[in-house]
Amino acid sequence: MDKFSCSDIKNISNYITNHMTKIVTVQYPELRSILDNYEGGLLPYQSTDGSAPFLIIKAPKEFLLTAKIRGHFKIYLVPDVYLTDHTCGLVTAFFDDADEPLVIKTLLAEIDIKNRKSEKLLIEILESSEFDVHFVDDHNREFLGYRAKNDAPTKIINKIKIPLISFSHDNINQYLNHLQKWFGLRTAADDADAITISLKETLMPLDIAVIDLTAQSNVKQSNQTNRPATLERENPGPSQESDILRLLQRSFHSDAIFLNPVRLDNNKEICDILVITTEIFYFIQAKDNQNTGAALNRKLERKRAKTKEQIAKASRQIQGAIRYWKNKNILEISVNGESMEFETTNKKVVGLIVVGELFEKDTERYLAETMDLWLNTEKYCLILDYSDLHRITANRGSEDDFIAALDAIIQCIREEGRFPRLSFTAERIESFLANQ
């Protein structure tokens with residue numbers, strides 16, 4: 001091992017200190033609890049130490065990698081559905097694809113959440129020509145930080161009027177749908193009018209890896225203890241399984257979750273994740289894409305085709321797992337070398353396929369594939385993408401609530417004949433209003 005002099009150690013210590021203070025989730029520990037209760041989006045923050053406010057963007061890893069590689073993102077100011085001279089919301093776009101980018105929808109409204117004048121503080125930040133922006137993923141792991149440059153701060157000043165719009169239970173969904181529809185029908189002039197936020201000076205190392213000792217270390221039924229998390233992923237499978245496990249811990253006790261269980265008779269994996277409760281067996285099959293620059297730059301049609309292949313493979317695996325379960329009064333599994341037995345009599349089973357991304361254009365296909373699964377297994381099986389599962393578990397604090405969310409999806413498919421895409425933003429706002 002190389003020997004370090006006292007000066008070397010001091011230099012290394014100074015380097016770590018100087019860079020770690022740029023990681024705001026380290027610099028401001030109180031942010032952890034705020035982020036834990038924040039589903040995702042644009043989160044403005046100002047500390048009590050007198051420093052300038054900054055922006056946190058909490059989003060899936062694909063959004064973060066797009067921002068890193070493209071070096072910018074865009075903000076569209078969406079006119080009010082009734083008062084066209086007012087701005088009712090923002091659409092923040094990360095252009096992995098030129099026509100159908102990844103987007104975050106933000107309503108602008110007069111709400112003071114936990115004494116943070118959030119929307120007004122957001123406007124204050126966006127009115128600046130320069131500000132700091134930090135990116136965290138669904139599990140609040142901070143991977144990116146930049147000094148950002150706003151190319152048109154006066155547009156914010158001129159187009160966003162105070163007082164902001166107000167909303168009620170009756171018009172929340174109307175406004176959210178308006179943001180979606182407006183962006184889908186945007187013109188070339190709207191694209192030209194969007195505000196470009198350029199990511200200039202980096203505020204932290206860009207190749208950081210995060211080891212979370214608070215969550216997965218509590219799961220005994222896992223063979224992937226404390227896997228380092230990185231933004232870029234060449235081999236996405238194990239990392240996605242670990243992330244899904246963490247999502248499930250929001251709704252289920254850790255002792256109920258089993259990662260990569262195998263059959264005792266042939267040592268073959270039954271499914272990626274198995275959740276066993278007093279009444280239900282959940283068989284979960286996970287599929288994800290590489291999170292790399294090359295994967296990001298693939299054509300949208302290729303990404304859609306990849307999701308189709310993943311669903312087909314996962315469907316076969318889920319059907320095999322449920323067939324195996326049906327033939328057993330006692331389910332015998334092994335996890336990480338430990339054998340276990342579970343009674344299956346009078347228990348229910350649910351199959352879940354979780355892929356990296358679903359696409360609006362393919363919802364009819366997803367509906368047909370879901371119905372085929374129901375027919376072939378005689379059990380309820382659902383197709384979700386990772387963001388769907390994040391939204392469900394971010395807003396559902398127990399197994400009963402988790403089941404209620406799945407039941408709502410099943411009911412929509414059965415009674416309305418459509419494949420629903422999840423958005424709990426409105427529900428979360430309504431819940432906030434109801435508790436005032």
# chains A, B, ... in the order shown; residues from 1 in each chain; ligands from 1

call {"tool": "residues_around", "arguments": {"residues": "Ile280 of chain A", "least_positions_apart": "4", "cutoff": "6 Å", "atoms": "only C-alpha atoms", "output": "PDB file with N, CA and C atoms, in the first residue's frame"}}
result
ATOM      1  N   LYS A 347     -54.629 -18.258   0.171  1.00  0.00           N
ATOM      2  CA  LYS A 347     -53.908 -17.001  -0.040  1.00  0.00           C
ATOM      3  C   LYS A 347     -54.142 -16.505  -1.468  1.00  0.00           C
ATOM      4  N   LYS A 348     -54.000 -15.215  -1.653  1.00  0.00           N
ATOM      5  CA  LYS A 348     -54.141 -14.603  -2.965  1.00  0.00           C
ATOM      6  C   LYS A 348     -52.764 -14.372  -3.579  1.00  0.00           C
ATOM      7  N   VAL A 349     -52.752 -14.132  -4.887  1.00  0.00           N
ATOM      8  CA  VAL A 349     -51.496 -13.851  -5.566  1.00  0.00           C
ATOM      9  C   VAL A 349     -51.700 -12.699  -6.542  1.00  0.00           C
TER      10      VAL A 349
END

call {"tool": "residues_around", "arguments": {"residues": "segment 367-383 of chain A", "least_positions_apart": "3", "cutoff": "7 Å", "atoms": "only C-alpha atoms", "output": "count of residues only"}}
result
12

call {"tool": "select_by_dssp", "arguments": {"residues": "segment 145-368 of chain A", "states": "strand (DSSP E)", "output": "VMD selection string"}}
result
chain A and resid 145 to 150 195 to 202 209 to 210 229 to 230 257 to 259 262 to 263 273 to 276 280 to 286 330 to 335 338 to 343 348 to 355

call {"tool": "closest_residue", "arguments": {"among": "A:Arg141, A:Lys313, A:Lys361, A:Lys306", "to": "Ala286 of chain A", "atoms": "only C-alpha atoms"}}
result
A:Lys313

call {"tool": "select_by_dssp", "arguments": {"residues": "segment 72-178 of chain A", "states": "alpha helix (DSSP H)", "output": "MDAnalysis selection string"}}
result
chainID A and resid 118:126 153:159 172:178

call {"tool": "residues_around", "arguments": {"residues": "segment 25-36 of chain A", "least_positions_apart": "4", "cutoff": "10 Å", "atoms": "only C-alpha atoms", "output": "list of chain:residue names"}}
result
A:Met20, A:Thr21, A:Gly40, A:Leu43, A:Tyr45, A:Ser47, A:Thr48, A:Asp49, A:Ile56, A:Lys58, A:Lys114, A:His134, A:Val136, A:Asp138, A:His139, A:Asn140, A:Arg141, A:Glu142, A:Ala394

call {"tool": "write_last_selection", "arguments": {"atoms": "N, CA, C and O atoms", "output": "tab-separated table (two decimals), in the first residue's frame"}}
result
chain	number	residue	atom	x	y	z
A	20	MET	N	-17.49	18.19	-0.51
A	20	MET	CA	-18.67	17.70	0.18
A	20	MET	C	-19.60	18.83	0.59
A	20	MET	O	-20.81	18.65	0.66
A	21	THR	N	-19.05	20.03	0.88
A	21	THR	CA	-19.92	21.14	1.26
A	21	THR	C	-20.75	21.62	0.09
A	21	THR	O	-21.69	22.38	0.28
A	40	GLY	N	-41.61	14.49	-5.87
A	40	GLY	CA	-40.69	14.80	-6.96
A	40	GLY	C	-41.08	16.07	-7.68
A	40	GLY	O	-42.23	16.53	-7.59
A	43	LEU	N	-38.11	21.73	-6.42
A	43	LEU	CA	-38.20	22.08	-5.01
A	43	LEU	C	-37.25	23.24	-4.71
A	43	LEU	O	-36.03	23.05	-4.64
A	45	TYR	N	-35.41	25.93	-2.25
A	45	TYR	CA	-35.03	25.85	-0.84
A	45	TYR	C	-34.15	27.03	-0.47
A	45	TYR	O	-33.28	27.45	-1.23
A	47	SER	N	-32.00	28.15	3.06
A	47	SER	CA	-31.62	27.79	4.42
A	47	SER	C	-31.69	29.02	5.32
A	47	SER	O	-31.90	30.15	4.87
A	48	THR	N	-31.51	28.78	6.60
A	48	THR	CA	-31.54	29.88	7.57
A	48	THR	C	-30.18	30.52	7.78
A	48	THR	O	-30.03	31.39	8.63
A	49	ASP	N	-29.18	30.07	7.00
A	49	ASP	CA	-27.83	30.61	7.20
A	49	ASP	C	-27.56	31.87	6.40
A	49	ASP	O	-26.44	32.39	6.38
A	56	ILE	N	-33.67	22.47	-6.08
A	56	ILE	CA	-33.45	21.03	-6.10
A	56	ILE	C	-34.43	20.42	-7.08
A	56	ILE	O	-35.62	20.74	-7.05
A	58	LYS	N	-35.90	16.87	-8.02
A	58	LYS	CA	-36.00	15.46	-7.67
A	58	LYS	C	-36.72	14.76	-8.81
A	58	LYS	O	-37.87	15.05	-9.12
A	114	LYS	N	-45.58	23.85	4.57
A	114	LYS	CA	-44.65	23.78	5.69
A	114	LYS	C	-43.84	25.06	5.84
A	114	LYS	O	-42.63	25.05	6.05
A	134	HIS	N	-29.42	21.56	-7.89
A	134	HIS	CA	-28.93	20.26	-7.46
A	134	HIS	C	-29.95	19.20	-7.84
A	134	HIS	O	-31.15	19.42	-7.74
A	136	VAL	N	-31.41	15.28	-7.38
A	136	VAL	CA	-31.48	14.05	-6.59
A	136	VAL	C	-32.43	13.08	-7.29
A	136	VAL	O	-33.34	13.50	-8.00
A	138	ASP	N	-35.03	9.43	-7.10
A	138	ASP	CA	-36.22	9.07	-6.32
A	138	ASP	C	-35.92	8.71	-4.88
A	138	ASP	O	-36.79	8.79	-4.01
A	139	HIS	N	-34.68	8.29	-4.61
A	139	HIS	CA	-34.29	7.90	-3.26
A	139	HIS	C	-33.46	8.99	-2.58
A	139	HIS	O	-32.76	8.72	-1.60
A	140	ASN	N	-33.56	10.20	-3.11
A	140	ASN	CA	-32.91	11.38	-2.52
A	140	ASN	C	-31.39	11.29	-2.52
A	140	ASN	O	-30.71	11.91	-1.69
A	141	ARG	N	-30.85	10.54	-3.47
A	141	ARG	CA	-29.40	10.46	-3.63
A	141	ARG	C	-28.97	11.59	-4.56
A	141	ARG	O	-29.43	11.69	-5.69
A	142	GLU	N	-28.11	12.43	-4.05
A	142	GLU	CA	-27.68	13.62	-4.80
A	142	GLU	C	-26.52	13.25	-5.72
A	142	GLU	O	-25.43	12.90	-5.25
A	394	ALA	N	-44.79	6.35	-2.74
A	394	ALA	CA	-44.54	7.67	-2.15
A	394	ALA	C	-45.78	8.20	-1.46
A	394	ALA	O	-45.69	8.97	-0.51

call {"tool": "closest_residue", "arguments": {"among": "A:Arg147, A:Lys22, A:Lys268, A:Lys68", "to": "Thr202 of chain A", "atoms": "only C-alpha atoms"}}
result
A:Arg147

call {"tool": "atom_distance", "arguments": {"atom1": "atom CA of Thr154 of chain A", "atom2": "atom CA of Gly71 of chain A"}}
result
21.7 Å

call {"tool": "residues_around", "arguments": {"residues": "Ala192 of chain A", "least_positions_apart": "6", "cutoff": "12 Å", "atoms": "only C-alpha atoms", "output": "list in words"}}
result
Lys74, Ile75, Tyr76, Leu77, Ala152 and Arg186 of chain A

call {"tool": "write_last_selection", "arguments": {"atoms": "C-alpha atoms", "output": "PDB file, in the first residue's frame"}}
result
ATOM      1  CA  LYS A  74     -35.821  24.040 -20.763  1.00  0.00           C
ATOM      2  CA  ILE A  75     -38.730  25.613 -18.939  1.00  0.00           C
ATOM      3  CA  TYR A  76     -42.003  26.353 -20.733  1.00  0.00           C
ATOM      4  CA  LEU A  77     -44.381  28.927 -19.250  1.00  0.00           C
ATOM      5  CA  ALA A 152     -34.118  34.851 -20.202  1.00  0.00           C
ATOM      6  CA  ARG A 186     -46.942  23.178 -28.444  1.00  0.00           C
TER       7      ARG A 186
END
